[in-house]
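Participant: query-v7.txt is reproduced in full below (compact mmCIF, C-alpha atoms).
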# COMPACT_ATOMS: atom_id res chain seq x y z
CA MET A 1 54.92 -4.75 18.72
CA PRO A 2 51.45 -5.10 20.23
CA PRO A 3 49.01 -7.20 18.25
CA SER A 4 46.81 -5.00 16.14
CA ALA A 5 43.15 -4.91 17.15
CA PRO A 6 40.77 -6.52 14.70
CA PRO A 7 38.96 -3.96 12.57
CA PRO A 8 35.49 -3.12 13.83
CA PRO A 9 32.73 -4.95 11.99
CA ALA A 10 31.40 -2.90 9.11
CA VAL A 11 28.06 -1.29 9.84
CA PRO A 12 25.59 -2.53 7.25
CA THR A 13 24.05 0.17 5.12
CA ASP A 14 20.30 0.56 4.76
CA ALA A 15 20.55 -1.06 1.33
CA ASP A 16 22.31 -4.08 2.92
CA LEU A 17 19.54 -4.44 5.50
CA VAL A 18 16.87 -4.10 2.84
CA SER A 19 18.55 -6.85 0.79
CA ALA A 20 18.77 -9.04 3.89
CA TYR A 21 15.06 -8.57 4.60
CA ARG A 22 14.16 -9.28 1.00
CA GLY A 23 16.21 -12.46 1.29
CA GLY A 24 14.11 -13.59 4.27
CA ASP A 25 16.22 -12.23 7.14
CA GLU A 26 13.66 -10.67 9.51
CA SER A 27 16.38 -9.04 11.59
CA GLY A 28 17.06 -6.72 8.65
CA ALA A 29 13.64 -5.14 9.25
CA SER A 30 14.21 -4.92 13.00
CA ARG A 31 17.49 -3.09 12.51
CA LEU A 32 15.93 -0.66 10.04
CA VAL A 33 13.17 0.07 12.56
CA ALA A 34 15.72 0.64 15.33
CA ARG A 35 17.71 2.92 13.07
CA HIS A 36 14.91 5.13 11.71
CA ALA A 37 11.90 4.99 14.06
CA ALA A 38 13.00 7.95 16.19
CA SER A 39 13.60 10.36 13.31
CA LEU A 40 10.36 9.25 11.67
CA ALA A 41 8.47 9.89 14.93
CA ARG A 42 10.08 13.34 15.30
CA PHE A 43 9.17 14.21 11.72
CA ILE A 44 5.56 13.06 12.10
CA ALA A 45 5.28 14.96 15.39
CA GLY A 46 6.60 18.07 13.64
CA THR A 47 3.95 17.88 10.95
CA GLY A 48 1.32 18.46 13.63
CA ALA A 49 0.03 14.91 13.90
CA ASP A 50 -2.06 13.99 16.91
CA PRO A 51 0.52 12.99 19.58
CA GLY A 52 -1.68 10.06 20.62
CA GLU A 53 -1.46 8.59 17.14
CA ILE A 54 2.25 8.93 16.48
CA ASP A 55 3.08 5.34 17.51
CA ASP A 56 0.41 4.02 15.14
CA LEU A 57 1.56 6.28 12.31
CA VAL A 58 5.17 5.19 12.75
CA GLN A 59 4.13 1.53 12.68
CA GLU A 60 1.92 2.09 9.66
CA ALA A 61 4.72 3.87 7.78
CA PHE A 62 7.11 0.97 8.38
CA PHE A 63 4.43 -1.56 7.46
CA ARG A 64 3.76 0.18 4.14
CA ALA A 65 7.47 0.58 3.48
CA PHE A 66 8.28 -3.10 4.05
CA ARG A 67 5.18 -4.21 2.18
CA ALA A 68 6.26 -2.20 -0.84
CA LEU A 69 9.95 -3.06 -0.65
CA GLU A 70 9.61 -5.01 -3.89
CA SER A 71 8.96 -1.74 -5.70
CA TRP A 72 11.81 0.16 -3.95
CA ARG A 73 14.68 0.28 -6.38
CA GLY A 74 17.00 2.25 -4.14
CA GLU A 75 17.02 5.41 -6.23
CA SER A 76 16.38 7.37 -3.03
CA ALA A 77 17.67 6.71 0.47
CA PHE A 78 15.52 4.35 2.52
CA ARG A 79 15.10 7.06 5.16
CA SER A 80 13.79 9.69 2.75
CA TRP A 81 11.44 7.09 1.24
CA LEU A 82 10.18 6.29 4.74
CA LEU A 83 9.74 9.98 5.54
CA THR A 84 7.75 10.41 2.32
CA ILE A 85 5.40 7.64 3.45
CA GLY A 86 5.22 9.26 6.90
CA SER A 87 4.41 12.61 5.30
CA ASN A 88 1.58 11.06 3.27
CA LEU A 89 0.17 9.35 6.36
CA ALA A 90 0.32 12.56 8.39
CA ARG A 91 -1.43 14.37 5.54
CA ASP A 92 -4.18 11.72 5.43
CA GLN A 93 -4.62 12.00 9.18
CA TYR A 94 -4.76 15.81 8.87
CA ARG A 95 -7.53 15.48 6.25
CA ARG A 96 -9.46 13.04 8.43
CA ARG A 97 -9.33 15.55 11.25
CA LYS A 98 -10.52 18.16 8.72
CA GLY A 99 -7.49 20.39 9.08
CA ARG A 100 -7.37 20.54 12.86
CA THR A 101 -3.64 20.51 13.63
CA VAL A 102 -2.53 19.29 17.01
CA ILE A 103 0.88 20.34 18.25
CA SER A 104 1.75 19.11 21.68
CA ILE A 105 3.23 21.85 23.80
CA ASP A 106 3.46 19.47 26.72
CA GLU A 107 6.61 20.05 28.79
CA GLN A 108 7.58 16.49 27.99
CA ASP A 109 7.77 17.27 24.31
CA VAL A 110 10.45 19.86 24.79
CA ALA A 111 14.01 18.67 25.10
CA THR A 112 15.79 19.25 28.38
CA HIS A 113 19.14 20.98 28.77
CA HIS A 114 21.57 21.04 31.63
CA ASP A 115 21.73 24.82 32.09
CA PRO A 116 18.38 25.88 33.68
CA ALA A 117 18.46 29.34 32.09
CA ALA A 118 19.30 27.89 28.70
CA THR A 119 16.63 25.25 29.21
CA LEU A 120 13.94 27.85 29.77
CA ASP A 121 15.01 29.80 26.71
CA ALA A 122 15.39 26.74 24.49
CA ASN A 123 12.09 25.30 25.65
CA GLU A 124 10.35 28.53 24.80
CA VAL A 125 11.93 28.67 21.35
CA GLU A 126 11.03 25.05 20.65
CA ARG A 127 7.48 25.51 21.87
CA ASN A 128 7.07 28.60 19.73
CA LEU A 129 8.67 26.80 16.82
CA ALA A 130 6.27 23.86 17.14
CA ASP A 131 3.38 26.29 17.33
CA GLY A 132 4.72 28.34 14.42
CA LEU A 133 5.03 25.26 12.22
CA THR A 134 1.29 24.72 12.44
CA ARG A 135 0.75 28.11 10.82
CA LEU A 136 2.88 27.38 7.77
CA PRO A 137 1.53 26.01 4.50
CA ARG A 138 2.01 22.23 4.35
CA LEU A 139 4.82 22.21 1.80
CA GLN A 140 6.80 24.91 3.62
CA ARG A 141 6.39 23.03 6.89
CA GLU A 142 7.51 19.70 5.42
CA VAL A 143 10.47 21.23 3.56
CA PHE A 144 11.58 23.00 6.73
CA LEU A 145 11.31 19.79 8.76
CA LEU A 146 13.18 17.70 6.20
CA ARG A 147 15.91 20.30 5.87
CA ALA A 148 16.32 21.68 9.40
CA GLN A 149 15.06 18.81 11.55
CA GLN A 150 16.22 15.86 9.44
CA GLY A 151 19.24 17.48 7.77
CA MET A 152 18.34 16.36 4.26
CA ALA A 153 19.80 17.90 1.09
CA TYR A 154 17.56 19.88 -1.25
CA GLU A 155 17.85 17.20 -3.95
CA GLU A 156 16.63 14.50 -1.55
CA ILE A 157 13.82 16.73 -0.30
CA ALA A 158 12.76 17.44 -3.87
CA ARG A 159 12.55 13.70 -4.62
CA SER A 160 10.59 13.05 -1.42
CA LEU A 161 8.04 15.80 -1.96
CA ASP A 162 7.89 15.57 -5.74
CA THR A 163 9.21 19.05 -6.38
CA THR A 164 12.46 20.61 -7.62
CA PRO A 165 15.55 21.38 -5.52
CA GLY A 166 15.15 25.07 -6.39
CA ALA A 167 11.54 25.11 -5.21
CA ALA A 168 12.53 23.24 -2.04
CA ARG A 169 15.17 25.89 -1.31
CA VAL A 170 12.63 28.69 -1.79
CA HIS A 171 10.16 26.95 0.55
CA TYR A 172 12.90 26.53 3.16
CA HIS A 173 13.85 30.22 3.09
CA HIS A 174 10.22 31.32 3.26
CA ALA A 175 9.65 28.98 6.20
CA VAL A 176 12.68 30.31 8.11
CA LYS A 177 11.59 33.91 7.49
CA ARG A 178 8.03 33.23 8.69
CA LEU A 179 9.14 31.19 11.72
CA LYS A 180 11.56 33.95 12.74
CA GLU A 181 8.60 36.32 12.96
CA LEU A 182 6.51 33.80 14.89
CA VAL A 183 9.23 32.71 17.30
CA ALA A 184 10.60 36.21 18.07
CA MET B 1 31.67 39.39 2.60
CA ILE B 2 29.15 36.92 3.97
CA ASP B 3 25.92 36.36 2.09
CA CYS B 4 23.06 35.97 4.61
CA GLU B 5 21.13 33.60 2.33
CA SER B 6 24.08 31.23 1.96
CA LEU B 7 24.55 31.28 5.70
CA VAL B 8 20.89 30.29 6.25
CA ASP B 9 21.41 27.49 3.70
CA LYS B 10 24.38 26.21 5.68
CA MET B 11 22.61 26.34 9.06
CA PRO B 12 21.05 22.84 8.94
CA LEU B 13 24.45 21.33 8.16
CA VAL B 14 25.99 23.02 11.21
CA ALA B 15 22.99 22.13 13.37
CA HIS B 16 23.48 18.45 12.38
CA ARG B 17 27.26 18.67 12.85
CA GLN B 18 27.93 17.99 9.21
CA ALA B 19 29.78 21.31 8.91
CA ALA B 20 31.20 24.04 11.15
CA TRP B 21 31.17 27.83 11.05
CA THR B 22 34.29 29.54 9.82
CA PRO B 23 35.59 32.37 12.04
CA GLU B 24 34.26 34.84 9.52
CA GLU B 25 30.78 33.26 9.60
CA SER B 26 30.81 33.19 13.41
CA ALA B 27 31.66 36.89 13.47
CA HIS B 28 28.81 37.58 11.05
CA LEU B 29 26.35 35.67 13.24
CA SER B 30 27.32 37.86 16.18
CA ASP B 31 26.81 41.05 14.21
CA CYS B 32 23.76 40.26 12.03
CA ALA B 33 20.52 40.19 14.03
CA GLU B 34 18.58 38.60 11.15
CA CYS B 35 21.03 35.72 10.79
CA ALA B 36 21.17 35.26 14.58
CA ALA B 37 17.36 34.97 14.67
CA SER B 38 17.42 32.48 11.77
CA TRP B 39 20.06 30.44 13.61
CA ARG B 40 17.89 30.29 16.74
CA VAL B 41 15.06 28.84 14.67
CA VAL B 42 17.10 26.39 12.60
CA SER B 43 19.28 25.16 15.47
CA SER B 44 16.15 24.36 17.53
CA ALA B 45 14.62 22.22 14.81
CA PRO B 46 16.69 19.02 15.35
CA ARG B 47 15.37 18.82 18.92
CA LEU B 48 11.72 19.10 17.88
CA GLY B 49 9.71 16.06 18.94
CA GLU B 50 12.70 14.56 20.73
CA MET B 51 10.69 13.47 23.74
CA THR B 52 7.95 12.03 21.51
CA ALA B 53 10.60 9.89 19.86
CA GLN B 54 11.99 8.80 23.22
CA ARG B 55 8.53 7.67 24.32
CA LEU B 56 8.27 5.26 21.39
CA ASP B 57 8.02 1.66 22.58
CA LEU B 58 10.44 0.22 20.06
CA PRO B 59 10.35 -3.47 21.10
CA ARG B 60 6.54 -3.50 21.04
CA LEU B 61 6.48 -1.65 17.73
CA THR B 62 8.92 -4.14 16.19
CA VAL B 63 6.96 -7.18 17.40
CA GLN B 64 3.64 -5.77 16.19
CA LEU B 65 5.17 -4.84 12.86
CA HIS B 66 6.56 -8.36 12.30
CA ASP B 67 3.16 -9.85 13.22
CA ARG B 68 1.38 -7.59 10.75
CA LEU B 69 3.87 -8.34 8.00
CA ALA B 70 3.58 -12.10 8.60
CA ARG B 71 -0.25 -11.89 8.53
CA ASP B 72 -0.11 -9.82 5.38
CA ARG B 73 2.23 -12.33 3.69
CA ARG B 74 -0.13 -15.18 4.60
CA THR B 75 -3.16 -13.30 3.30
CA ARG B 76 -1.43 -12.45 0.06
CA ARG B 77 -0.24 -16.04 -0.38
CA TRP B 78 -3.78 -17.34 0.18
CA LYS B 79 -5.21 -14.88 -2.30
CA ARG B 80 -2.58 -15.80 -4.87
CA THR B 81 -3.14 -19.52 -4.31
CA GLY B 82 -6.91 -19.06 -4.58
CA TRP B 83 -6.55 -17.29 -7.89
CA ILE B 84 -4.20 -19.89 -9.30
CA THR B 85 -6.42 -22.76 -8.12
CA GLY B 86 -9.51 -21.12 -9.57
CA LEU B 87 -7.83 -20.48 -12.88
CA ALA B 88 -6.47 -24.03 -13.03
CA ALA B 89 -9.90 -25.52 -12.24
CA ALA B 90 -11.53 -23.37 -14.90
CA ALA B 91 -8.89 -24.41 -17.43
CA VAL B 92 -9.32 -28.12 -16.62
CA LEU B 93 -13.10 -27.86 -16.91
CA THR B 94 -12.85 -26.08 -20.26
CA VAL B 95 -10.49 -28.72 -21.63
CA MET B 96 -12.71 -31.56 -20.38
CA VAL B 97 -15.89 -30.14 -21.91
CA TRP B 98 -14.23 -29.24 -25.17
CA ASP B 99 -12.42 -32.54 -25.46
CA GLY B 100 -15.50 -34.57 -24.49
CA THR B 101 -17.69 -33.02 -27.15
CA ARG B 102 -15.04 -33.42 -29.79
CA HIS B 103 -13.96 -37.01 -29.29
CA ARG B 104 -16.97 -38.86 -27.89
CA PRO B 105 -17.16 -42.18 -29.82
CA VAL B 106 -20.29 -42.78 -31.85
CA ALA B 107 -22.11 -45.74 -30.28
CA PRO B 108 -23.77 -48.30 -32.55
CA GLY B 109 -27.41 -47.40 -33.05
CA THR B 110 -26.93 -43.66 -32.75
CA VAL B 111 -27.93 -41.15 -35.32
CA ALA B 112 -26.26 -37.81 -35.74
CA SER B 113 -28.55 -34.84 -35.55
CA ALA B 114 -29.59 -33.04 -38.68
CA SER B 115 -27.52 -29.99 -37.84
CA GLY B 116 -24.34 -31.97 -38.50
CA SER B 117 -22.66 -30.58 -35.40
CA ALA B 118 -20.82 -32.71 -32.89
CA LEU B 119 -23.95 -33.25 -30.85
CA GLU B 120 -25.28 -36.81 -31.24
CA VAL B 121 -28.63 -38.30 -30.16
CA PRO B 122 -28.77 -42.05 -29.62
CA LEU B 123 -32.05 -43.54 -31.03
CA ALA B 124 -31.61 -47.29 -31.04
CA GLU B 125 -35.23 -47.92 -32.24
CA LEU B 126 -34.48 -46.34 -35.59
CA GLU B 127 -31.69 -48.77 -36.36
CA GLY B 128 -33.87 -51.38 -38.00
CA LEU B 129 -35.69 -49.03 -40.34
CA ASP B 130 -34.93 -48.81 -44.04
CA GLY B 131 -34.77 -45.57 -46.04
CA ASP B 132 -38.48 -45.29 -46.82
CA GLN B 133 -39.49 -46.02 -43.26
CA LEU B 134 -37.07 -43.40 -41.94
CA GLN B 135 -38.47 -40.91 -44.43
CA ALA B 136 -41.98 -41.66 -43.17
CA VAL B 137 -40.90 -41.12 -39.56
CA LEU B 138 -39.28 -37.80 -40.45
CA GLU B 139 -42.41 -36.65 -42.29
CA ALA B 140 -44.55 -37.60 -39.33
CA LEU B 141 -42.22 -35.63 -37.01
CA ASP B 142 -42.31 -32.63 -39.32
CA ALA B 143 -46.11 -32.64 -39.64
CA PRO B 144 -48.10 -30.39 -37.30
CA LEU B 145 -49.78 -32.11 -34.39
CA GLY B 146 -53.28 -31.33 -35.65
CA ALA B 147 -52.55 -33.02 -38.99
CA THR B 148 -52.11 -36.47 -37.44
CA GLY B 149 -55.66 -36.63 -36.09
CA GLY B 150 -57.42 -35.57 -39.32
CA GLY B 151 -59.89 -38.57 -39.62
CA PRO B 152 -63.29 -39.01 -37.93
CA SER B 153 -63.23 -40.03 -34.26
CA PRO B 154 -64.17 -43.71 -33.74
CA SER B 155 -67.41 -44.37 -31.83
CA PHE B 156 -68.89 -47.41 -30.14
CA GLY B 157 -71.25 -47.78 -33.08
CA ASP B 158 -68.35 -48.70 -35.37
CA LEU B 159 -67.38 -51.73 -33.22
CA ASP B 160 -68.67 -55.23 -33.86
CA ASP B 161 -70.22 -57.33 -31.05
CA SER B 162 -67.05 -59.10 -29.92
CA GLN B 163 -65.05 -55.85 -29.84
CA LEU B 164 -67.79 -54.10 -27.91
CA GLU B 165 -67.88 -56.92 -25.41
CA ARG B 166 -64.06 -56.65 -24.82
CA VAL B 167 -64.36 -52.95 -24.19
CA LEU B 168 -67.19 -53.43 -21.70
CA ARG B 169 -65.25 -56.16 -19.90
CA SER B 170 -62.22 -53.92 -19.62
CA LEU B 171 -64.35 -51.06 -18.21
CA GLU B 172 -65.93 -53.40 -15.63
CA GLY B 173 -62.45 -54.58 -14.61
The structure in this file should be written as structure tokens.
Facilitator:
Amino acid sequence: MPPSAPPPPAVPTDADLVSAYRGGDESGASRLVARHAASLARFIAGTGADPGEIDDLVQEAFFRAFRALESWRGESAFRSWLLTIGSNLARDQYRRRKGRTVISIDEQDVATHHDPAATLDANEVERNLADGLTRLPRLQREVFLLRAQQGMAYEEIARSLDTTPGAARVHYHHAVKRLKELVA
Amino acid sequence: MIDCESLVDKMPLVAHRQAAWTPEESAHLSDCAECAASWRVVSSAPRLGEMTAQRLDLPRLTVQLHDRLARDRRTRRWKRTGWITGLAAAAVLTVMVWDGTRHRPVAPGTVASASGSALEVPLAELEGLDGDQLQAVLEALDAPLGATGGGPSPSFGDLDDSQLERVLRSLEG
């Protein structure tokens, strides 16, 4: 009988990493950054933030999150808490720019696909989608991003945006309906 | 019968591979133009901003973040220490002043002020005076300044010869 392979090491949860960081283990923070920076950047980009400021906004969101970890009691997932901070920062930046939304439609911002025909089609849809998002009311845009881009449940979205799950669902459906018209 | 609204609700889950379409739902997506259009929108969303995320310089971001957090911790510690030190100094000062005024020993030859408070004024010259003399001093202190000089001013005419001579000598040096 072949010797059984040792079980793979358990992947620490976000709560484990937060506890480690609170206990003085700096690597807990590094692992949380590695785990969530990309989705935070995608979310902030989707809100229409200036592409040149996304790195700074991501760093600022993490800084505020770690600084306020003492007050985080874990009632919401670390990621949704982080996205809430990111949403607030993007909103502040939007106000500073006096409502001028910048959506990059740079070729680089559109994902590549292996099939050239599919790539062209997908790129066009994504470009139109990015453009369409700028025309939505803020709450509809953020609910759509949290639901469709981030895959969050309505309950989690409601906690993040300080609304109800029912209202979040309504915003999502309105956003999809409006984006369908804009993307078509 | 497939409900279009429920299908749109499920779309993010399928787009994030947390669920899959049933054969019935797949058939509906092929037949319903509205649902197909919704699916095009929702299934594109997870890829939004993908390249922006890939351009993130994660090592640099992590280093800068740790630096900022360390600086912030130092600043907060200094502020906290400053407050505590300030409060402690203020407390020590208060105790010293309060204690000093309460327990200062009364030195021989000092007289407590008339107010009867803890404040004491040392006046060693008054020690040798008896009751009547003290009373006279107090009356003199209480009297208005003008009252002390009530008599006629002395003139050189009032002096006798020897006194006048002393005065003249003192004026001549």
Participant: With chain A as the partner and 7 Å as the cut-off, tabulate the residues of chain B that qualify, each row holding the nearest pair of atoms and their distance in Å to one decimal, using only C-alpha atoms, sorted by chain and rising number, as a tab-separated table.
Facilitator:
residue	atom	partner	partner_atom	distance
B:Pro12	CA	A:Ala148	CA	4.9
B:Leu13	CA	A:Gly151	CA	6.5
B:His16	CA	A:Gly151	CA	6.3
B:Ala37	CA	A:Lys180	CA	6.2
B:Ser38	CA	A:Lys180	CA	6.1
B:Val41	CA	A:Lys180	CA	6.5
B:Val42	CA	A:Ala148	CA	5.7
B:Ser44	CA	A:Glu126	CA	6.0
B:Ala45	CA	A:Gln149	CA	4.7
B:Pro46	CA	A:Gln149	CA	4.1
B:Arg47	CA	A:Ala111	CA	6.3
B:Leu48	CA	A:Arg42	CA	6.5
B:Gly49	CA	A:Arg42	CA	4.6
B:Glu50	CA	A:Ala111	CA	6.1
B:Met51	CA	A:Asp109	CA	4.8
B:Thr52	CA	A:Asp109	CA	5.9
B:Ala53	CA	A:Ala38	CA	4.8
B:Leu56	CA	A:Asp55	CA	6.5
B:Leu61	CA	A:Gln59	CA	6.4
B:Thr62	CA	A:Ser30	CA	6.2
B:Leu65	CA	A:Phe63	CA	6.4
B:Leu69	CA	A:Phe63	CA	6.8
Participant: For a quick check of understanding, using all atoms listed in the file, which of A:Arg22, A:Ser87, A:Asp92, A:Leu57 has the smallest distance to Ser71 of chain A?
Facilitator: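 Ranking A:Arg22, A:Ser87, A:Asp92, A:Leu57 by distance to Ser71 of chain A, first place goes to A:Arg22.
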Participant: Distance atom CA of Cys32 of chain B-atom CA of Thr134 of chain A, one decimal place?
Facilitator: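 Rounded to one decimal, the two atoms are 27.3 Å apart.
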Participant: Between atom CA of Ala19 of chain B and atom CA of Val143 of chain A, what is the distance, to one decimal in Å?
Facilitator: 20.0 Å
Participant: Calculate how many Å separate atom CA of Gln93 of chain A from atom CA of Glu53 of chain A, rounding to one decimal.
Facilitator: 9.2 Å
